[in-house]
>>> print(open('input.cif').read())   # mmCIF, C-alpha atoms
data_entry
loop_
_atom_site.label_atom_id
_atom_site.label_comp_id
_atom_site.auth_asym_id
_atom_site.auth_seq_id
_atom_site.Cartn_x
_atom_site.Cartn_y
_atom_site.Cartn_z
CA MET A 38 -37.40 23.82 -77.30
CA ALA A 39 -40.34 24.97 -75.20
CA ILE A 40 -43.43 26.33 -77.02
CA ILE A 41 -45.76 28.99 -75.58
CA LYS A 42 -49.35 28.61 -76.70
CA ASN A 43 -51.76 31.55 -76.83
CA GLY A 44 -49.14 34.25 -76.28
CA VAL A 45 -47.05 35.19 -73.25
CA ASN A 46 -49.87 34.38 -70.85
CA GLY A 47 -50.55 30.99 -72.36
CA THR A 48 -49.39 27.52 -71.45
CA VAL A 49 -45.86 26.26 -72.01
CA SER A 50 -44.86 22.83 -73.27
CA GLY A 51 -41.59 21.27 -74.26
CA LYS A 52 -37.99 21.40 -73.05
CA ALA A 53 -36.26 24.50 -71.72
CA GLY A 54 -32.73 24.07 -70.48
CA SER A 55 -32.56 21.35 -67.82
CA VAL A 56 -36.36 21.10 -67.31
CA VAL A 57 -39.36 20.01 -69.38
CA PHE A 58 -42.86 21.49 -69.26
CA VAL A 59 -45.65 18.91 -69.48
CA LEU A 60 -49.25 19.74 -70.34
CA THR A 61 -51.85 17.26 -69.08
CA LYS A 62 -55.61 17.25 -68.56
CA THR A 63 -55.14 18.08 -64.90
CA GLY A 64 -52.71 20.95 -65.41
CA ASN A 65 -49.17 21.98 -66.30
CA TYR A 66 -46.12 20.41 -64.66
CA VAL A 67 -42.41 21.05 -64.70
CA ARG A 68 -39.93 18.23 -64.18
CA SER A 69 -36.21 17.78 -64.48
CA LEU A 70 -34.79 16.10 -67.51
CA PRO A 71 -33.63 12.53 -66.86
CA ARG A 72 -29.89 12.26 -66.41
CA VAL A 73 -27.99 10.61 -69.18
CA LYS A 74 -26.44 7.40 -67.86
CA LYS A 75 -22.71 7.30 -68.33
CA ARG A 76 -20.97 4.19 -69.44
CA ALA A 77 -19.20 2.23 -66.74
CA PRO A 78 -15.42 2.83 -66.83
CA THR A 79 -13.34 0.19 -68.54
CA PRO A 80 -10.78 -1.86 -66.57
CA GLU A 81 -8.03 0.20 -68.20
CA GLN A 82 -9.68 3.44 -67.09
CA LEU A 83 -10.06 2.16 -63.53
CA LEU A 84 -6.40 1.14 -63.52
CA SER A 85 -5.33 4.56 -64.76
CA ARG A 86 -7.45 6.30 -62.11
CA THR A 87 -5.95 4.15 -59.36
CA ARG A 88 -2.40 4.96 -60.47
CA PHE A 89 -3.20 8.66 -60.73
CA LYS A 90 -4.83 8.76 -57.28
CA ILE A 91 -1.84 7.09 -55.60
CA VAL A 92 0.75 9.45 -57.07
CA ARG A 93 -1.41 12.55 -56.63
CA SER A 94 -1.89 11.81 -52.92
CA HIS A 95 1.88 12.07 -52.37
CA ILE A 96 2.66 14.86 -54.83
CA SER A 97 -0.04 17.06 -53.27
CA LEU A 98 1.43 16.71 -49.78
CA LEU A 99 4.94 17.33 -51.10
CA ASN A 100 3.85 20.25 -53.25
CA ALA A 101 5.96 22.91 -51.51
CA VAL A 102 9.08 20.81 -52.08
CA ILE A 103 8.00 19.82 -55.61
CA ASN A 104 7.62 23.48 -56.61
CA LEU A 105 11.23 24.07 -55.63
CA GLY A 106 12.69 20.78 -56.83
CA TYR A 107 11.03 20.84 -60.28
CA LYS A 108 11.02 24.59 -60.89
CA ALA A 109 13.88 24.79 -63.38
CA TYR A 110 13.35 21.30 -64.83
CA SER A 111 9.66 21.78 -65.61
CA TYR A 112 9.69 25.30 -67.10
CA PRO A 113 7.46 26.46 -68.79
CA LYS A 114 5.13 23.73 -67.53
CA ARG A 115 3.87 23.55 -63.96
CA ALA A 116 6.16 21.74 -61.53
CA TYR A 117 3.18 19.76 -60.18
CA ASP A 118 2.22 18.45 -63.63
CA VAL A 119 5.76 17.40 -64.55
CA ALA A 120 6.30 15.69 -61.18
CA MET A 121 3.01 13.82 -61.62
CA SER A 122 3.94 12.67 -65.12
CA TYR A 123 7.46 11.59 -64.17
CA ASN A 124 6.46 9.59 -61.11
CA LEU A 125 3.45 7.99 -62.80
CA ASN A 126 5.79 6.58 -65.43
CA GLU A 127 8.82 5.78 -63.29
CA ALA A 128 7.91 5.24 -59.64
CA LEU A 129 5.04 2.75 -59.47
CA ILE A 130 5.27 -1.01 -59.04
CA LYS A 131 2.30 -3.17 -60.02
CA LYS A 132 1.30 -5.81 -57.48
CA GLU A 133 -1.45 -8.42 -57.59
CA ASP A 134 -3.65 -6.26 -55.38
CA GLY A 135 -2.78 -2.89 -56.91
CA PHE A 136 0.16 -0.50 -57.06
CA VAL A 137 2.84 0.59 -54.60
CA VAL A 138 5.32 3.44 -54.82
CA ASP A 139 8.97 2.59 -55.42
CA TRP A 140 10.45 5.23 -53.12
CA GLN A 141 13.95 4.77 -54.52
CA LYS A 142 12.68 5.86 -57.93
CA PHE A 143 10.21 8.45 -56.67
CA MET A 144 11.69 11.88 -57.39
CA ILE A 145 10.87 15.00 -55.40
CA ALA A 146 13.41 17.04 -57.41
CA LYS A 147 14.79 16.88 -60.96
CA GLY A 148 17.85 18.70 -62.21
CA SER A 149 21.53 17.95 -62.64
CA PRO A 150 22.82 14.56 -61.43
CA ASN A 151 22.97 14.20 -57.66
CA PRO A 152 26.72 13.96 -56.94
CA ILE A 153 26.52 11.93 -53.71
CA THR A 154 28.47 8.68 -54.07
CA SER A 155 28.13 7.32 -50.53
CA TYR A 156 26.40 8.39 -47.34
CA ALA A 157 25.58 7.45 -43.75
CA MET A 158 22.57 8.24 -41.56
CA ASP A 159 22.64 8.38 -37.78
CA PHE A 160 19.68 9.18 -35.54
CA ASP A 161 20.68 10.91 -32.30
CA GLN A 162 17.76 9.84 -30.11
CA GLU A 163 18.82 11.96 -27.13
CA ASN A 164 18.73 15.17 -29.17
CA GLN A 165 16.01 13.99 -31.59
CA MET A 166 18.21 14.74 -34.58
CA LEU A 167 18.95 12.87 -37.81
CA LYS A 168 22.53 13.39 -38.98
CA VAL A 169 23.53 12.62 -42.56
CA THR A 170 27.09 12.63 -43.90
CA TRP A 171 28.19 11.98 -47.47
CA GLU A 172 30.98 11.75 -50.02
CA TYR A 173 30.49 13.27 -53.46
CA ASP A 174 31.77 12.98 -57.01
CA ALA A 175 34.20 15.86 -57.52
CA TYR A 176 33.87 15.66 -61.31
CA LEU A 177 30.09 16.15 -61.20
CA GLU A 178 30.42 18.90 -58.62
CA LYS A 179 32.78 20.86 -60.87
CA LYS A 180 30.93 20.09 -64.12
CA PHE A 181 27.62 21.45 -62.83
CA ASP A 182 29.14 23.95 -60.39
CA THR A 183 27.09 22.65 -57.47
CA GLY A 184 29.68 22.88 -54.70
CA SER A 185 28.03 25.90 -53.06
CA TYR A 186 24.47 24.59 -53.48
CA ASP A 187 22.44 24.33 -50.25
CA SER A 188 21.44 20.88 -49.05
CA LEU A 189 17.76 20.11 -48.47
CA LEU A 190 17.14 17.08 -46.27
CA ILE A 191 13.49 16.00 -46.51
CA LEU A 192 11.65 13.53 -44.27
CA TYR A 193 8.22 12.42 -45.47
CA SER A 194 5.87 10.13 -43.56
CA ALA A 195 4.52 8.24 -46.54
CA GLU A 196 2.75 5.48 -44.61
CA ASP A 197 0.13 7.85 -43.24
CA ASN A 198 0.36 10.30 -46.16
CA GLY A 199 1.57 13.00 -43.80
CA ALA A 200 -1.75 12.97 -41.92
CA GLU A 201 -0.25 12.66 -38.43
CA PHE A 202 3.45 13.32 -38.94
CA PRO A 203 4.25 16.53 -40.85
CA LEU A 204 6.83 16.94 -43.58
CA LEU A 205 10.23 17.74 -42.06
CA MET A 206 13.05 19.80 -43.54
CA ASN A 207 16.35 21.16 -42.24
CA GLU A 208 16.24 24.78 -41.07
CA SER A 209 19.95 25.58 -41.36
CA LYS A 210 21.45 24.61 -44.71
CA ASN A 211 24.96 23.33 -45.34
CA SER A 212 26.62 23.25 -48.75
CA LEU A 213 27.25 20.16 -50.85
CA THR A 214 30.98 20.37 -50.18
CA SER A 215 30.45 20.44 -46.41
CA GLY A 216 29.50 16.77 -46.61
CA LYS A 217 26.98 16.88 -43.76
CA GLN A 218 23.48 17.98 -42.85
CA ASP A 219 21.11 17.39 -39.95
CA VAL A 220 17.41 17.84 -39.27
CA ASN A 221 15.48 17.98 -36.02
CA ILE A 222 12.70 15.43 -35.54
CA PRO A 223 9.96 16.25 -33.00
CA GLU A 224 9.42 13.55 -30.40
CA HIS A 225 6.42 11.36 -31.22
CA THR A 226 4.00 9.55 -28.94
CA LYS A 227 4.14 6.57 -31.29
CA GLU A 228 6.56 5.21 -33.85
CA ALA A 229 6.79 7.00 -37.18
CA THR A 230 8.42 5.88 -40.41
CA TYR A 231 9.95 8.49 -42.71
CA GLU A 232 11.22 8.30 -46.29
CA VAL A 233 14.44 10.31 -46.36
CA TYR A 234 15.52 12.38 -49.38
CA ILE A 235 18.24 14.87 -50.10
CA PHE A 236 18.93 17.26 -52.98
CA PHE A 237 20.91 20.44 -53.48
CA VAL A 238 19.63 23.86 -54.52
CA LYS A 239 21.39 26.96 -55.77
CA SER A 240 21.35 29.48 -52.93
CA TYR A 241 19.66 32.22 -54.93
CA GLY A 242 17.51 30.02 -57.14
CA GLY A 243 17.92 28.96 -60.74
CA GLY A 244 19.10 25.39 -60.39
CA ASN A 245 19.13 22.20 -58.36
CA THR A 246 20.17 18.55 -58.46
CA ASP A 247 18.09 15.40 -58.66
CA SER A 248 16.75 14.13 -55.37
CA LEU A 249 18.30 11.02 -53.86
CA HIS A 250 16.39 8.57 -51.67
CA LEU A 251 18.55 7.73 -48.66
CA GLY A 252 16.23 5.10 -47.21
CA LYS A 253 13.74 4.83 -44.35
CA ILE A 254 14.10 5.63 -40.68
CA LYS A 255 11.80 4.73 -37.78
CA VAL A 256 11.71 7.09 -34.82
#
>>> encode(input="input.cif", output="structure tokens")
Amino acid sequence: MAIIKNGVNGTVSGKAGSVVFVLTKTGNYVRSLPRVKKRAPTPEQLLSRTRFKIVRSHISLLNAVINLGYKAYSYPKRAYDVAMSYNLNEALIKKEDGFVVDWQKFMIAKGSPNPITSYAMDFDQENQMLKVTWEYDAYLEKKFDTGSYDSLLILYSAEDNGAEFPLLMNESKNSLTSGKQDVNIPEHTKEATYEVYIFFVKSYGGGNTDSLHLGKIKV
């Protein structure tokens, strides 16, 4: 606490907020309080921060898809928070030099089971189009009534965190029962690697399936 001597027009000494008033023989001075040194983070804290940073870097870039793919699953929590928590716990592999993402376990959507049982990917280089076809489990389709759900085919350039190659998504949407979907891929000046995912969403909102990682493609 600062003290004023000799009334409002007198000298001030002591601490006031983030500064301290110092009275010396040569005059009055004001200086900032020394910063309190924080303890160095523990190895466990550093490890946790590293894991969080890796997952956050991908979730942030996929946020538009995450908001759709986790909307029903996460309610009433935020889709972003639930996606972060899930993938922190399920989709990281510890290596000697750090962590890497297991893209097969990384989930961009959570909901009812993805009914795809088998699939094929074919890149039409002439037309710059990725074509995906699939077979599905009829029992799961009927149980969760997902036959009319729209397919969302997502291509994410994870190697450069989407910095150079943007997130790609199909414009026209086919249903689950159609068994096919394609997405246009802009021509690149250099090779790009994409993680490919698919999930199915109710046309007018309210539900979706889990995402399924279909693999990588280089274009």
>>> atom_distance(input="input.cif", atom1="atom CA of Val102 of chain A", atom2="atom CA of Ala146 of chain A")
7.8 Å
>>> atom_distance(input="input.cif", atom1="atom CA of Phe136 of chain A", atom2="atom CA of Ser85 of chain A")
10.7 Å
>>> atom_distance(input="input.cif", atom1="atom CA of Tyr123 of chain A", atom2="atom CA of Phe143 of chain A")
8.6 Å
>>> residues_around(input="input.cif", residues="Ser188 of chain A", least_positions_apart="2", cutoff="10 Å", atoms="only C-alpha atoms", output="number ranges by chain")
A: 185-186, 190-191, 207, 209-219, 235-240, 245-246
>>> resolve_selection(input="input.cif", expression="the PyMOL selection byres ((chain A and resi 204) around 10)", output="list of chain:residue names")
A:Leu98, A:Leu99, A:Ala101, A:Val102, A:Ile191, A:Leu192, A:Tyr193, A:Ser194, A:Ala195, A:Asn198, A:Gly199, A:Ala200, A:Glu201, A:Phe202, A:Pro203, A:Leu205, A:Met206, A:Tyr231
>>> closest_residue(input="input.cif", among="A:Lys132, A:Lys108, A:Lys179, A:Lys227", to="Asp247 of chain A", atoms="all atoms listed in the file")
A:Lys108
>>> closest_residue(input="input.cif", among="A:Val137, A:Ile130, A:Val119, A:Ile153", to="Thr183 of chain A", atoms="only C-alpha atoms")
A:Ile153
>>> residues_around(input="input.cif", residues="Ser111 of chain A", least_positions_apart="2", cutoff="12 Å", atoms="all atoms listed in the file", output="JSON, numbers by chain")
{"A": [103, 104, 105, 106, 107, 108, 109, 113, 114, 115, 116, 117, 118, 119, 120, 121, 122, 123, 146, 147, 148, 243, 244, 245]}
>>> decode(input="input.cif", residues="segment 77-230 of chain A", atoms="C-alpha atoms", output="short mmCIF file (atom, residue, chain, number, x, y, z; two decimals), in the first residue's frame")
data_model
loop_
_atom_site.label_atom_id
_atom_site.label_comp_id
_atom_site.auth_asym_id
_atom_site.auth_seq_id
_atom_site.Cartn_x
_atom_site.Cartn_y
_atom_site.Cartn_z
CA ALA A 77 9.92 -24.16 -15.05
CA PRO A 78 7.34 -26.62 -16.45
CA THR A 79 7.76 -30.23 -15.47
CA PRO A 80 8.52 -32.89 -18.11
CA GLU A 81 4.93 -34.08 -17.80
CA GLN A 82 3.62 -30.57 -18.44
CA LEU A 83 5.86 -30.17 -21.48
CA LEU A 84 4.64 -33.51 -22.81
CA SER A 85 1.02 -32.51 -22.32
CA ARG A 86 1.60 -29.18 -24.08
CA THR A 87 3.24 -30.92 -27.03
CA ARG A 88 0.33 -33.34 -27.42
CA PHE A 89 -2.20 -30.52 -27.15
CA LYS A 90 -0.38 -28.36 -29.71
CA ILE A 91 -0.24 -31.19 -32.29
CA VAL A 92 -3.93 -32.03 -32.08
CA ARG A 93 -5.04 -28.39 -31.90
CA SER A 94 -3.12 -27.54 -35.08
CA HIS A 95 -5.24 -30.04 -37.04
CA ILE A 96 -8.57 -29.52 -35.27
CA SER A 97 -8.35 -25.76 -35.85
CA LEU A 98 -7.88 -26.17 -39.59
CA LEU A 99 -10.68 -28.74 -39.76
CA ASN A 100 -12.99 -26.67 -37.57
CA ALA A 101 -15.72 -26.15 -40.18
CA VAL A 102 -15.97 -29.91 -40.68
CA ILE A 103 -15.62 -30.63 -36.95
CA ASN A 104 -18.56 -28.34 -36.15
CA LEU A 105 -20.73 -30.41 -38.46
CA GLY A 106 -19.31 -33.83 -37.67
CA TYR A 107 -19.44 -33.45 -33.87
CA LYS A 108 -22.55 -31.28 -33.58
CA ALA A 109 -25.00 -33.92 -32.38
CA TYR A 110 -22.40 -36.05 -30.58
CA SER A 111 -20.97 -33.21 -28.50
CA TYR A 112 -24.17 -31.44 -27.40
CA PRO A 113 -24.34 -29.51 -25.08
CA LYS A 114 -20.54 -29.14 -25.16
CA ARG A 115 -18.68 -27.40 -27.96
CA ALA A 116 -17.82 -29.60 -30.93
CA TYR A 117 -14.24 -28.26 -30.90
CA ASP A 118 -13.68 -29.24 -27.26
CA VAL A 119 -15.08 -32.75 -27.68
CA ALA A 120 -13.06 -33.35 -30.86
CA MET A 121 -9.92 -32.18 -29.07
CA SER A 122 -10.54 -34.48 -26.11
CA TYR A 123 -11.36 -37.51 -28.24
CA ASN A 124 -8.36 -37.22 -30.53
CA LEU A 125 -5.93 -36.41 -27.72
CA ASN A 126 -6.89 -39.69 -26.07
CA GLU A 127 -7.31 -41.89 -29.14
CA ALA A 128 -5.33 -40.61 -32.12
CA LEU A 129 -1.75 -39.98 -31.00
CA ILE A 130 1.19 -42.37 -31.21
CA LYS A 131 4.23 -41.74 -29.03
CA LYS A 132 7.58 -41.98 -30.79
CA GLU A 133 11.11 -41.58 -29.45
CA ASP A 134 11.28 -38.04 -30.81
CA GLY A 135 7.72 -36.99 -29.98
CA PHE A 136 4.18 -37.74 -31.14
CA VAL A 137 2.56 -38.43 -34.50
CA VAL A 138 -1.10 -38.57 -35.45
CA ASP A 139 -2.62 -41.95 -36.22
CA TRP A 140 -4.84 -40.83 -39.10
CA GLN A 141 -6.81 -44.08 -39.11
CA LYS A 142 -7.95 -43.33 -35.55
CA PHE A 143 -8.25 -39.57 -35.97
CA MET A 144 -11.96 -38.73 -36.12
CA ILE A 145 -13.37 -35.69 -37.87
CA ALA A 146 -16.95 -36.83 -37.14
CA LYS A 147 -18.61 -38.86 -34.38
CA GLY A 148 -22.09 -40.33 -34.52
CA SER A 149 -23.65 -43.64 -35.46
CA PRO A 150 -21.36 -46.38 -36.82
CA ASN A 151 -20.07 -45.75 -40.33
CA PRO A 152 -21.75 -48.50 -42.40
CA ILE A 153 -19.11 -48.78 -45.15
CA THR A 154 -17.75 -52.33 -45.32
CA SER A 155 -15.47 -52.01 -48.36
CA TYR A 156 -14.43 -49.24 -50.72
CA ALA A 157 -12.20 -48.29 -53.64
CA MET A 158 -10.53 -45.00 -54.58
CA ASP A 159 -9.58 -44.00 -58.11
CA PHE A 160 -7.92 -40.73 -59.11
CA ASP A 161 -8.88 -39.57 -62.60
CA GLN A 162 -5.81 -37.50 -63.44
CA GLU A 163 -7.19 -36.22 -66.74
CA ASN A 164 -10.24 -34.70 -65.06
CA GLN A 165 -8.52 -34.03 -61.71
CA MET A 166 -11.18 -35.96 -59.84
CA LEU A 167 -11.07 -38.49 -57.01
CA LYS A 168 -13.79 -41.13 -57.33
CA VAL A 169 -14.77 -43.27 -54.35
CA THR A 170 -17.13 -46.25 -54.46
CA TRP A 171 -18.26 -48.38 -51.54
CA GLU A 172 -20.35 -51.25 -50.24
CA TYR A 173 -22.27 -50.84 -46.99
CA ASP A 174 -23.78 -52.88 -44.18
CA ALA A 175 -27.52 -53.02 -44.85
CA TYR A 176 -28.28 -53.88 -41.21
CA LEU A 177 -26.54 -50.74 -39.91
CA GLU A 178 -28.13 -48.62 -42.62
CA LYS A 179 -31.62 -49.75 -41.58
CA LYS A 180 -30.94 -49.68 -37.83
CA PHE A 181 -29.80 -46.05 -37.86
CA ASP A 182 -31.89 -45.01 -40.88
CA THR A 183 -28.90 -43.54 -42.69
CA GLY A 184 -29.71 -44.61 -46.24
CA SER A 185 -30.68 -41.10 -47.35
CA TYR A 186 -27.81 -39.37 -45.52
CA ASP A 187 -25.56 -37.19 -47.70
CA SER A 188 -21.96 -38.27 -48.18
CA LEU A 189 -19.16 -35.87 -47.26
CA LEU A 190 -15.81 -36.71 -48.83
CA ILE A 191 -13.02 -34.73 -47.14
CA LEU A 192 -9.43 -34.32 -48.32
CA TYR A 193 -7.02 -32.77 -45.84
CA SER A 194 -3.37 -31.94 -46.54
CA ALA A 195 -2.01 -32.88 -43.13
CA GLU A 196 1.68 -32.78 -44.04
CA ASP A 197 1.67 -29.01 -44.49
CA ASN A 198 -1.23 -28.42 -42.06
CA GLY A 199 -3.32 -27.04 -44.90
CA ALA A 200 -0.92 -24.11 -45.36
CA GLU A 201 -0.49 -24.52 -49.13
CA PHE A 202 -3.20 -26.99 -50.11
CA PRO A 203 -6.70 -26.10 -48.89
CA LEU A 204 -9.24 -28.45 -47.39
CA LEU A 205 -11.29 -30.09 -50.14
CA MET A 206 -14.90 -31.29 -49.99
CA ASN A 207 -17.40 -32.57 -52.54
CA GLU A 208 -19.83 -29.95 -53.85
CA SER A 209 -22.59 -32.28 -55.05
CA LYS A 210 -23.63 -34.86 -52.46
CA ASN A 211 -24.74 -38.43 -53.12
CA SER A 212 -26.58 -40.58 -50.59
CA LEU A 213 -25.12 -43.49 -48.67
CA THR A 214 -27.15 -45.97 -50.72
CA SER A 215 -25.82 -44.56 -54.01
CA GLY A 216 -22.48 -46.18 -53.19
CA LYS A 217 -20.35 -43.50 -54.86
CA GLN A 218 -19.02 -39.99 -54.46
CA ASP A 219 -16.41 -37.85 -56.19
CA VAL A 220 -14.53 -34.65 -55.44
CA ASN A 221 -12.63 -32.29 -57.72
CA ILE A 222 -8.96 -31.68 -56.92
CA PRO A 223 -7.36 -28.49 -58.28
CA GLU A 224 -4.20 -29.09 -60.28
CA HIS A 225 -1.07 -28.43 -58.22
CA THR A 226 2.34 -27.17 -59.27
CA LYS A 227 3.92 -29.71 -56.93
CA GLU A 228 2.90 -33.01 -55.39
CA ALA A 229 0.42 -32.93 -52.54
CA THR A 230 -0.55 -35.67 -50.09
#
